[in-house]
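Text of the file structure.cif, holding mmCIF, C-alpha atoms:
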```
data_target
loop_
_atom_site.label_atom_id
_atom_site.label_comp_id
_atom_site.auth_asym_id
_atom_site.auth_seq_id
_atom_site.Cartn_x
_atom_site.Cartn_y
_atom_site.Cartn_z
CA MET A 1 21.91 4.03 19.81
CA LYS A 2 21.40 3.70 16.08
CA SER A 3 19.60 6.70 14.69
CA ARG A 4 16.22 6.31 13.04
CA VAL A 5 14.64 8.24 10.20
CA LEU A 6 10.85 8.21 10.52
CA VAL A 7 8.52 9.81 8.01
CA ILE A 8 5.14 11.00 9.27
CA THR A 9 2.64 10.72 6.44
CA SER A 10 -1.09 10.32 5.72
CA GLY A 11 -2.06 11.00 2.13
CA LYS A 12 -4.98 13.18 3.16
CA GLY A 13 -4.32 16.70 4.40
CA GLY A 14 -5.45 18.06 7.73
CA VAL A 15 -5.38 14.83 9.72
CA GLY A 16 -2.51 15.92 11.99
CA LYS A 17 0.85 15.09 10.42
CA THR A 18 2.48 18.32 11.50
CA THR A 19 0.91 18.24 14.97
CA THR A 20 2.08 14.65 15.33
CA THR A 21 5.61 15.49 14.19
CA ALA A 22 5.86 18.45 16.59
CA ASN A 23 4.54 16.49 19.55
CA LEU A 24 6.55 13.33 18.95
CA GLY A 25 9.70 15.34 18.36
CA THR A 26 9.18 17.27 21.58
CA ALA A 27 8.22 14.16 23.56
CA LEU A 28 11.34 12.31 22.39
CA ALA A 29 13.47 15.32 23.33
CA MET A 30 11.82 15.30 26.78
CA GLN A 31 13.13 11.74 27.10
CA GLY A 32 16.64 13.07 26.49
CA LYS A 33 16.94 12.08 22.84
CA LYS A 34 18.57 14.21 20.18
CA VAL A 35 15.87 14.93 17.64
CA VAL A 36 15.66 16.86 14.40
CA MET A 37 12.35 17.55 12.68
CA LEU A 38 12.36 18.13 8.92
CA ASP A 39 9.56 20.09 7.33
CA THR A 40 9.37 18.82 3.73
CA ASP A 41 6.17 20.64 2.85
CA ILE A 42 7.96 23.09 0.58
CA GLY A 43 5.76 26.06 -0.29
CA LEU A 44 3.36 25.40 2.59
CA ARG A 45 5.55 25.20 5.65
CA ASN A 46 3.87 25.01 9.04
CA LEU A 47 5.96 22.98 11.43
CA ASP A 48 7.76 26.21 12.35
CA VAL A 49 4.57 27.89 13.59
CA VAL A 50 3.33 24.79 15.40
CA MET A 51 6.67 24.71 17.24
CA GLY A 52 6.64 28.49 17.82
CA LEU A 53 9.95 28.90 16.01
CA GLU A 54 8.77 30.91 12.98
CA ASN A 55 10.72 34.04 13.94
CA ARG A 56 14.07 32.31 13.99
CA ILE A 57 14.23 31.07 10.41
CA VAL A 58 17.23 32.23 8.41
CA PHE A 59 17.97 29.36 6.03
CA ASP A 60 15.79 26.44 4.94
CA ILE A 61 15.94 22.92 3.55
CA VAL A 62 16.35 24.13 -0.05
CA ASP A 63 19.30 26.32 0.97
CA VAL A 64 20.88 23.25 2.55
CA VAL A 65 20.49 20.89 -0.41
CA ASN A 66 21.68 23.57 -2.80
CA GLY A 67 24.77 24.20 -0.73
CA ASN A 68 23.89 27.84 0.06
CA CYS A 69 24.62 27.16 3.71
CA LYS A 70 25.82 24.41 6.02
CA ILE A 71 23.25 22.15 7.69
CA LYS A 72 24.19 23.53 11.11
CA GLN A 73 23.46 27.09 9.98
CA ALA A 74 19.95 26.15 8.89
CA LEU A 75 19.02 24.11 11.95
CA ILE A 76 16.86 26.02 14.42
CA ARG A 77 17.37 25.10 18.02
CA ASP A 78 14.17 24.67 20.04
CA LYS A 79 13.49 27.20 22.82
CA ARG A 80 12.81 24.52 25.39
CA PHE A 81 15.00 21.52 24.68
CA GLU A 82 18.69 21.50 23.95
CA GLY A 83 18.56 18.35 21.82
CA LEU A 84 15.62 19.39 19.65
CA CYS A 85 16.07 21.06 16.25
CA LEU A 86 13.95 22.06 13.29
CA LEU A 87 14.98 22.24 9.67
CA PRO A 88 12.26 24.39 8.08
CA ALA A 89 10.84 24.02 4.58
CA ALA A 90 11.30 26.77 2.01
CA GLN A 91 8.21 28.90 1.56
CA THR A 92 8.86 30.45 -1.85
CA LYS A 93 9.87 27.34 -3.83
CA ASP A 94 7.91 24.25 -4.86
CA LYS A 95 8.27 20.51 -4.28
CA SER A 96 10.62 20.08 -7.24
CA ALA A 97 13.28 22.17 -5.47
CA VAL A 98 14.46 18.97 -3.73
CA THR A 99 15.08 15.52 -5.22
CA PRO A 100 14.72 12.13 -3.50
CA HIS A 101 18.47 11.65 -3.88
CA GLN A 102 19.19 14.93 -2.07
CA MET A 103 16.77 14.02 0.71
CA LYS A 104 18.51 10.70 1.21
CA ASN A 105 21.90 12.40 1.48
CA LEU A 106 20.49 14.97 3.88
CA THR A 107 18.94 12.43 6.25
CA ASN A 108 22.11 10.35 6.16
CA GLU A 109 24.13 13.42 7.09
CA LEU A 110 21.78 14.15 10.00
CA ARG A 111 22.11 10.58 11.32
CA LYS A 112 25.61 11.52 12.52
CA ASP A 113 24.26 14.02 15.05
CA PHE A 114 20.74 12.88 15.95
CA ASP A 115 18.98 9.85 17.44
CA PHE A 116 15.73 10.59 15.63
CA ILE A 117 15.12 12.31 12.34
CA LEU A 118 11.37 12.99 11.98
CA VAL A 119 10.28 13.89 8.47
CA ASP A 120 6.99 15.79 8.24
CA CYS A 121 5.56 14.76 4.87
CA PRO A 122 3.28 16.98 2.76
CA ALA A 123 -0.23 15.81 1.85
CA GLY A 124 -0.64 14.04 -1.46
CA ILE A 125 1.21 11.28 -3.28
CA GLU A 126 3.28 13.30 -5.72
CA GLN A 127 6.82 14.63 -5.71
CA GLY A 128 6.71 15.96 -2.15
CA PHE A 129 5.65 12.55 -0.83
CA LYS A 130 8.33 10.78 -2.85
CA ASN A 131 10.97 13.17 -1.51
CA ALA A 132 9.85 12.81 2.08
CA ILE A 133 9.92 9.02 2.15
CA SER A 134 13.15 8.56 0.24
CA GLY A 135 15.48 8.68 3.22
CA ALA A 136 13.19 6.99 5.73
CA ASP A 137 13.76 3.73 7.62
CA ASP A 138 10.12 3.46 8.63
CA ALA A 139 6.86 5.33 8.26
CA ILE A 140 4.26 6.49 10.73
CA VAL A 141 0.86 6.77 9.05
CA VAL A 142 -1.61 9.20 10.64
CA ALA A 143 -5.32 8.65 10.05
CA THR A 144 -8.52 9.97 11.58
CA PRO A 145 -11.58 7.71 11.97
CA GLU A 146 -13.22 8.97 8.79
CA VAL A 147 -13.89 7.21 5.50
CA SER A 148 -11.81 9.64 3.45
CA SER A 149 -8.82 9.52 5.77
CA VAL A 150 -8.77 5.73 6.12
CA ARG A 151 -9.13 5.33 2.38
CA ASP A 152 -6.14 7.59 1.75
CA ALA A 153 -4.15 5.84 4.46
CA ASP A 154 -4.75 2.53 2.68
CA ARG A 155 -3.40 3.99 -0.54
CA ILE A 156 -0.39 5.44 1.26
CA ILE A 157 0.39 2.12 2.93
CA GLY A 158 0.39 0.50 -0.51
CA LEU A 159 2.73 3.15 -1.91
CA LEU A 160 5.04 2.87 1.10
CA GLU A 161 5.22 -0.90 0.62
CA ALA A 162 6.00 -0.44 -3.06
CA ALA A 163 8.86 1.84 -1.98
CA GLY A 164 10.24 -0.79 0.40
CA LEU A 165 8.76 0.61 3.61
CA SER A 166 6.75 -2.38 4.72
CA ASN A 167 6.89 -1.86 8.47
CA SER A 168 4.60 1.17 8.72
CA LYS A 169 2.86 1.93 12.00
CA LEU A 170 -0.49 3.64 12.48
CA ILE A 171 -1.50 6.53 14.70
CA ILE A 172 -5.27 7.01 14.93
CA ASN A 173 -5.81 10.69 15.56
CA ARG A 174 -8.79 12.69 16.80
CA LEU A 175 -10.80 9.75 18.08
CA ARG A 176 -14.01 10.83 19.79
CA ASN A 177 -14.98 8.39 22.48
CA LYS A 178 -18.55 9.62 22.76
CA MET A 179 -19.19 9.18 19.06
CA VAL A 180 -17.63 5.72 19.08
CA LYS A 181 -19.87 4.73 21.97
CA ARG A 182 -23.04 5.74 20.19
CA GLY A 183 -21.93 3.99 17.00
CA ASP A 184 -21.30 7.10 14.97
CA MET A 185 -17.55 6.75 14.59
CA MET A 186 -15.41 3.81 13.54
CA ASP A 187 -13.47 2.41 16.46
CA ILE A 188 -9.85 1.30 16.71
CA GLU A 189 -10.70 -2.27 15.77
CA ASP A 190 -12.66 -1.26 12.66
CA ILE A 191 -9.73 0.76 11.36
CA LEU A 192 -7.12 -1.88 12.14
CA ASP A 193 -9.30 -4.49 10.42
CA ILE A 194 -9.36 -2.46 7.25
CA LEU A 195 -5.76 -1.26 7.15
CA SER A 196 -4.09 -4.31 8.71
CA ILE A 197 -1.00 -2.56 10.02
CA ASP A 198 0.36 -2.30 13.55
CA LEU A 199 -1.04 0.33 15.86
CA LEU A 200 1.44 2.78 17.36
CA GLY A 201 -0.99 4.97 19.25
CA VAL A 202 -4.41 6.51 19.62
CA VAL A 203 -4.80 10.24 20.16
CA PRO A 204 -8.16 11.53 21.37
CA GLU A 205 -9.85 14.60 19.94
CA ASP A 206 -8.75 17.34 22.29
CA GLU A 207 -9.31 21.10 22.34
CA THR A 208 -5.93 21.64 23.97
CA ILE A 209 -4.34 20.93 20.57
CA VAL A 210 -5.92 24.10 19.18
CA VAL A 211 -4.78 26.10 22.19
CA SER A 212 -1.25 24.73 22.02
CA THR A 213 -1.06 25.46 18.29
CA ASN A 214 -2.31 29.00 18.96
CA ARG A 215 0.57 29.45 21.37
CA GLY A 216 3.23 27.53 19.44
CA GLU A 217 3.76 25.19 22.38
CA PRO A 218 3.31 21.46 21.60
CA ALA A 219 0.62 19.79 23.72
CA VAL A 220 3.06 17.25 25.19
CA LEU A 221 4.43 20.11 27.31
CA GLU A 222 1.03 20.44 28.97
CA ASN A 223 0.62 17.80 31.66
CA SER A 224 -3.16 17.91 31.67
CA SER A 225 -3.59 17.60 27.90
CA ARG A 226 -5.08 14.23 26.97
CA ALA A 227 -3.72 14.41 23.44
CA GLY A 228 -0.35 15.42 24.88
CA GLU A 229 -0.44 12.41 27.18
CA ALA A 230 -1.24 10.14 24.22
CA TYR A 231 1.74 11.51 22.28
CA ARG A 232 4.04 11.07 25.27
CA ARG A 233 2.97 7.44 25.36
CA VAL A 234 3.66 7.03 21.64
CA ALA A 235 7.15 8.44 22.19
CA ARG A 236 7.81 5.88 24.92
CA ARG A 237 6.65 3.10 22.58
CA LEU A 238 9.07 4.38 19.93
CA LEU A 239 11.82 4.00 22.51
CA GLY A 240 10.91 0.36 22.97
CA GLU A 241 8.89 0.59 26.15
CA GLU A 242 5.72 -1.49 26.36
CA VAL A 243 2.95 1.01 27.01
CA PRO A 244 -0.64 -0.19 26.70
CA ILE A 245 -3.02 1.83 24.52
CA ASN A 246 -4.63 4.42 26.79
CA ALA A 247 -7.25 2.99 29.11
CA GLN A 248 -9.49 5.97 28.38
CA GLU A 249 -9.61 4.81 24.77
CA ASP A 250 -11.20 1.55 25.84
CA THR A 251 -14.77 1.94 24.70
CA SER A 252 -16.23 -1.15 26.29
CA ASN A 253 -18.54 -0.37 29.17
CA LEU A 254 -21.41 -2.26 30.67
CA VAL A 255 -23.97 -1.20 28.06
CA ASP A 256 -21.63 -2.12 25.22
CA ARG A 257 -20.90 -5.51 26.66
CA PHE A 258 -24.62 -6.11 27.15
CA LYS A 259 -25.26 -5.12 23.55
CA LYS A 260 -22.58 -7.50 22.37
CA MET A 261 -24.20 -10.31 24.33
CA LEU A 262 -27.56 -9.57 22.72
CA LYS A 263 -25.96 -9.50 19.31
CA LEU A 264 -24.46 -12.91 19.89
CA ALA A 265 -27.79 -14.29 21.06
CA ARG A 266 -29.65 -13.01 18.01
CA MET B 1 -35.16 5.15 28.99
CA LEU B 2 -36.84 4.86 25.61
CA ASP B 3 -33.61 5.98 24.07
CA LEU B 4 -31.74 3.25 25.90
CA LEU B 5 -34.21 0.63 24.74
CA ALA B 6 -33.96 1.90 21.21
CA ARG B 7 -30.22 1.61 21.42
CA LEU B 8 -30.41 -1.90 22.77
CA PHE B 9 -32.78 -3.14 20.12
CA GLY B 10 -33.08 -2.46 16.44
CA LYS B 11 -31.32 0.84 15.95
CA GLU B 12 -27.88 -0.62 16.13
CA SER B 13 -27.84 -1.97 12.60
CA THR B 14 -28.26 1.51 11.13
CA SER B 15 -25.46 3.18 13.09
CA SER B 16 -23.46 5.39 10.81
CA LYS B 17 -20.16 3.72 11.64
CA ASP B 18 -21.45 0.48 10.14
CA ILE B 19 -22.31 2.38 6.99
CA ALA B 20 -18.84 3.93 7.00
CA ARG B 21 -17.18 0.54 7.41
CA GLU B 22 -19.20 -1.04 4.61
CA ARG B 23 -18.60 1.83 2.21
CA LEU B 24 -14.89 1.74 2.98
CA ARG B 25 -14.76 -2.00 2.38
CA LEU B 26 -16.29 -1.59 -1.07
CA VAL B 27 -14.28 1.41 -2.11
CA LEU B 28 -11.05 -0.26 -1.05
CA VAL B 29 -11.73 -3.39 -3.12
CA HIS B 30 -11.96 -1.03 -6.04
CA ASP B 31 -8.96 1.13 -5.03
CA ARG B 32 -6.69 -1.78 -4.33
CA SER B 33 -7.30 -3.42 -7.68
CA VAL B 34 -7.33 -0.25 -9.71
CA ALA B 35 -4.15 0.82 -7.97
CA SER B 36 -2.24 -1.57 -10.21
CA PRO B 37 -2.80 -1.45 -13.97
CA GLU B 38 -0.57 -4.53 -14.13
CA PHE B 39 -3.27 -6.47 -12.35
CA ILE B 40 -5.92 -5.52 -14.89
CA ASN B 41 -3.57 -6.19 -17.80
CA ALA B 42 -2.62 -9.63 -16.54
CA LEU B 43 -6.29 -10.46 -16.06
CA LYS B 44 -7.09 -9.17 -19.55
CA GLU B 45 -4.42 -11.31 -21.18
CA ASP B 46 -5.57 -14.46 -19.42
CA LEU B 47 -9.19 -13.76 -20.33
CA ILE B 48 -8.23 -13.36 -23.99
CA LYS B 49 -6.33 -16.64 -23.97
CA VAL B 50 -9.30 -18.59 -22.64
CA ILE B 51 -11.99 -16.92 -24.72
CA GLN B 52 -10.02 -17.24 -27.95
CA GLN B 53 -10.32 -20.99 -27.67
CA TYR B 54 -14.05 -20.60 -28.21
CA MET B 55 -14.56 -17.50 -30.29
CA ASP B 56 -12.91 -14.80 -32.38
CA ILE B 57 -12.92 -11.60 -30.40
CA ASP B 58 -12.18 -8.00 -31.21
CA MET B 59 -9.06 -7.31 -29.16
CA GLU B 60 -9.16 -3.57 -29.94
CA GLY B 61 -12.64 -3.17 -28.54
CA LEU B 62 -12.04 -5.26 -25.45
CA LEU B 63 -12.66 -3.45 -22.17
CA VAL B 64 -12.06 -4.84 -18.70
CA SER B 65 -12.64 -2.83 -15.56
CA ILE B 66 -13.59 -3.14 -11.95
CA GLU B 67 -16.58 -1.04 -11.04
CA GLY B 68 -18.32 -0.26 -7.79
CA GLU B 69 -22.10 -0.30 -7.82
CA ASP B 70 -24.45 0.57 -4.98
CA ASN B 71 -23.78 -2.44 -2.85
CA SER B 72 -21.20 -4.48 -4.66
CA VAL B 73 -18.06 -4.42 -6.70
CA ALA B 74 -18.18 -6.04 -10.13
CA LEU B 75 -15.71 -7.10 -12.75
CA VAL B 76 -17.12 -5.68 -15.96
CA ALA B 77 -15.84 -7.05 -19.25
CA ASN B 78 -17.04 -5.85 -22.61
CA ILE B 79 -15.80 -8.25 -25.27
CA PRO B 80 -17.02 -7.76 -28.85
CA ILE B 81 -17.31 -11.06 -30.72
CA LYS B 82 -16.25 -11.27 -34.37
CA GLY B 83 -17.30 -14.84 -34.89
CA LEU B 84 -17.74 -18.19 -33.22
CA LYS B 85 -15.34 -21.03 -33.77
CA ARG B 86 -16.81 -24.30 -34.85
CA ALA B 87 -16.70 -26.79 -32.04
CA ALA B 88 -14.23 -29.57 -32.69
CA GLY B 89 -15.86 -32.69 -34.11
CA ASP B 90 -18.59 -30.81 -36.01
#
```

Take the structure in the file and give it back as structure tokens.
Amino acid sequence: MKSRVLVITSGKGGVGKTTTTANLGTALAMQGKKVVMLDTDIGLRNLDVVMGLENRIVFDIVDVVNGNCKIKQALIRDKRFEGLCLLPAAQTKDKSAVTPHQMKNLTNELRKDFDFILVDCPAGIEQGFKNAISGADDAIVVATPEVSSVRDADRIIGLLEAAGLSNSKLIINRLRNKMVKRGDMMDIEDILDILSIDLLGVVPEDETIVVSTNRGEPAVLENSSRAGEAYRRVARRLLGEEVPINAQEDTSNLVDRFKKMLKLAR
Amino acid sequence: MLDLLARLFGKESTSSKDIARERLRLVLVHDRSVASPEFINALKEDLIKVIQQYMDIDMEGLLVSIEGEDNSVALVANIPIKGLKRAAGD
């Protein structure tokens, strides 16, 4: 299998890039793939704590690109899956500690040993973003159903296209079915209309994400987690399987259909 | 029951997601055009070419921008005129 470098990005902060990276990485490893997750948020690293691997860090991504250590010395093996690794960001440097050229070399080096290289991108559109996307084959854009997040996603999609990444896929995160039903949250269709990119998955708002982050155990490990289930489905789609968007995300019920009919009649 | 009726009739048009969608639509028209200064510059140059056939304009003072108002997005051009050209045949 040819390895793939995927950057997980969003523009806006706090929409779930790191959570998405951790869960997709873990879900792909559950499917037997060799996966490395790169935290490129230098100065504000967090993928380590979401994965529960913060106590094992010795070297980081800046050490690797500066040649202070070998890649293998900096890679942290996951507690649960043999084929899952994390390359943590440096916490005491800033985004300029890595260049796009170095990132490209690093991801190319990692292609030799891994099926998937997931790059967790920092928020913003500056140096950190440019670094994160420079080695990527494709991008996964994460957005929540809010005006600010969708607006930033639109900007990011434009910047990705300008950088030659024109096949970006969208994950809609933290969708609240109840709010969609009462017309107080944009639905999947609204967002796809505006952004006009392909949908990769829809993750419902789910308290188990907070619990799993508290514990440092990605939600995909929890069978009963709805968000975890959604991420497992995204992982299967990434592997080429045709998995329909979760039935529970389908908002049409009898009342909605009746309303639609009335709307047509008016 | 009243609530259900209210939801079926009338109230729907003021749902906050419709407001969100409309605001996004407008802000993105603005964002997408402003995102490229090349776009504005190309537009400016073409405008100058056409207008110069009819009048002398102050190129230094010329301003072209895309601005969002309450419910619409407008192309705003401020073009100081130095003098009119005489129409051919006068």

Evaluate the PyMOL selection byres ((chain A and resi 103-106) around 12) on the structure here and hand back the selected residues as number ranges by chain.
A: 5, 7, 36, 38-40, 61-67, 70-72, 87, 95-102, 107-113, 117, 119, 121, 127-137

Export of prior selection with C-alpha atoms as an mmCIF file, in the frame of the given file:
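Printed below is part-v9.cif as written:
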```
data_model
loop_
_atom_site.group_PDB
_atom_site.id
_atom_site.type_symbol
_atom_site.label_atom_id
_atom_site.label_comp_id
_atom_site.auth_asym_id
_atom_site.auth_seq_id
_atom_site.Cartn_x
_atom_site.Cartn_y
_atom_site.Cartn_z
ATOM 1 C CA VAL A 5 14.640 8.240 10.200
ATOM 2 C CA VAL A 7 8.520 9.810 8.010
ATOM 3 C CA VAL A 36 15.660 16.860 14.400
ATOM 4 C CA LEU A 38 12.360 18.130 8.920
ATOM 5 C CA ASP A 39 9.560 20.090 7.330
ATOM 6 C CA THR A 40 9.370 18.820 3.730
ATOM 7 C CA ILE A 61 15.940 22.920 3.550
ATOM 8 C CA VAL A 62 16.350 24.130 -0.050
ATOM 9 C CA ASP A 63 19.300 26.320 0.970
ATOM 10 C CA VAL A 64 20.880 23.250 2.550
ATOM 11 C CA VAL A 65 20.490 20.890 -0.410
ATOM 12 C CA ASN A 66 21.680 23.570 -2.800
ATOM 13 C CA GLY A 67 24.770 24.200 -0.730
ATOM 14 C CA LYS A 70 25.820 24.410 6.020
ATOM 15 C CA ILE A 71 23.250 22.150 7.690
ATOM 16 C CA LYS A 72 24.190 23.530 11.110
ATOM 17 C CA LEU A 87 14.980 22.240 9.670
ATOM 18 C CA LYS A 95 8.270 20.510 -4.280
ATOM 19 C CA SER A 96 10.620 20.080 -7.240
ATOM 20 C CA ALA A 97 13.280 22.170 -5.470
ATOM 21 C CA VAL A 98 14.460 18.970 -3.730
ATOM 22 C CA THR A 99 15.080 15.520 -5.220
ATOM 23 C CA PRO A 100 14.720 12.130 -3.500
ATOM 24 C CA HIS A 101 18.470 11.650 -3.880
ATOM 25 C CA GLN A 102 19.190 14.930 -2.070
ATOM 26 C CA THR A 107 18.940 12.430 6.250
ATOM 27 C CA ASN A 108 22.110 10.350 6.160
ATOM 28 C CA GLU A 109 24.130 13.420 7.090
ATOM 29 C CA LEU A 110 21.780 14.150 10.000
ATOM 30 C CA ARG A 111 22.110 10.580 11.320
ATOM 31 C CA LYS A 112 25.610 11.520 12.520
ATOM 32 C CA ASP A 113 24.260 14.020 15.050
ATOM 33 C CA ILE A 117 15.120 12.310 12.340
ATOM 34 C CA VAL A 119 10.280 13.890 8.470
ATOM 35 C CA CYS A 121 5.560 14.760 4.870
ATOM 36 C CA GLN A 127 6.820 14.630 -5.710
ATOM 37 C CA GLY A 128 6.710 15.960 -2.150
ATOM 38 C CA PHE A 129 5.650 12.550 -0.830
ATOM 39 C CA LYS A 130 8.330 10.780 -2.850
ATOM 40 C CA ASN A 131 10.970 13.170 -1.510
ATOM 41 C CA ALA A 132 9.850 12.810 2.080
ATOM 42 C CA ILE A 133 9.920 9.020 2.150
ATOM 43 C CA SER A 134 13.150 8.560 0.240
ATOM 44 C CA GLY A 135 15.480 8.680 3.220
ATOM 45 C CA ALA A 136 13.190 6.990 5.730
ATOM 46 C CA ASP A 137 13.760 3.730 7.620
#
```

Residues of chain A within 9 Å of chain B, counting all atoms listed in the file, as a PyMOL selection string:
chain A and resi 146-148+150-151+154-155+158+180+182-187+190-191+194+255+258-259+262

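Atom pair atom CA of A:Ile125 / atom CA of B:Asn41 has a distance of 23.2 Å (rounded to one decimal).
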
All residues 8 Å or closer to A:Arg45, all atoms listed in the file, same chain fewer than 4 positions away omitted, as a list of chain:residue names
A:Asp39, A:Thr40, A:Asp41, A:Pro88, A:Ala89, A:Ala90, A:Gln91

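For the structure shown here, the set of residues caught by the PyMOL selection byres ((chain B and resi 62) around 12) is Asn41, Lys44, Glu45, Leu47, Ile48, Ile51, Asp56, Ile57, Asp58, Met59, Glu60, Gly61, Leu63, Val64, Ser65, Val76, Ala77, Asn78, Ile79, Pro80, Ile81 and Lys82 of chain B.
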
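Closest approach to A:Ala143 among A:Leu221, A:Leu44, A:Met30, A:Ile8 is made by A:Ile8 (distances from all atoms listed in the file).
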
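Evaluated against this file, the PyMOL selection byres ((chain A and resi 202) around 9) yields Leu170, Ile171, Ile172, Asn173, Arg174, Leu175, Ile188, Leu199, Leu200, Gly201, Val203, Pro204, Ala227, Ala230, Tyr231, Val234, Ile245, Asn246 and Glu249 of chain A.
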
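Atom pair atom CA of A:Asn55 / atom CA of A:Arg226: separated by 28.5 Å.
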
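One distance worth recording is that between atom CA of A:Thr18 and atom CA of A:Glu161, which is 22.3 Å.
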
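The nearest approach to A:Lys2 among the residues A:Leu24, A:Leu239, A:Ala153, A:Ala139, with all atoms listed in the file taken into account, belongs to A:Leu239.
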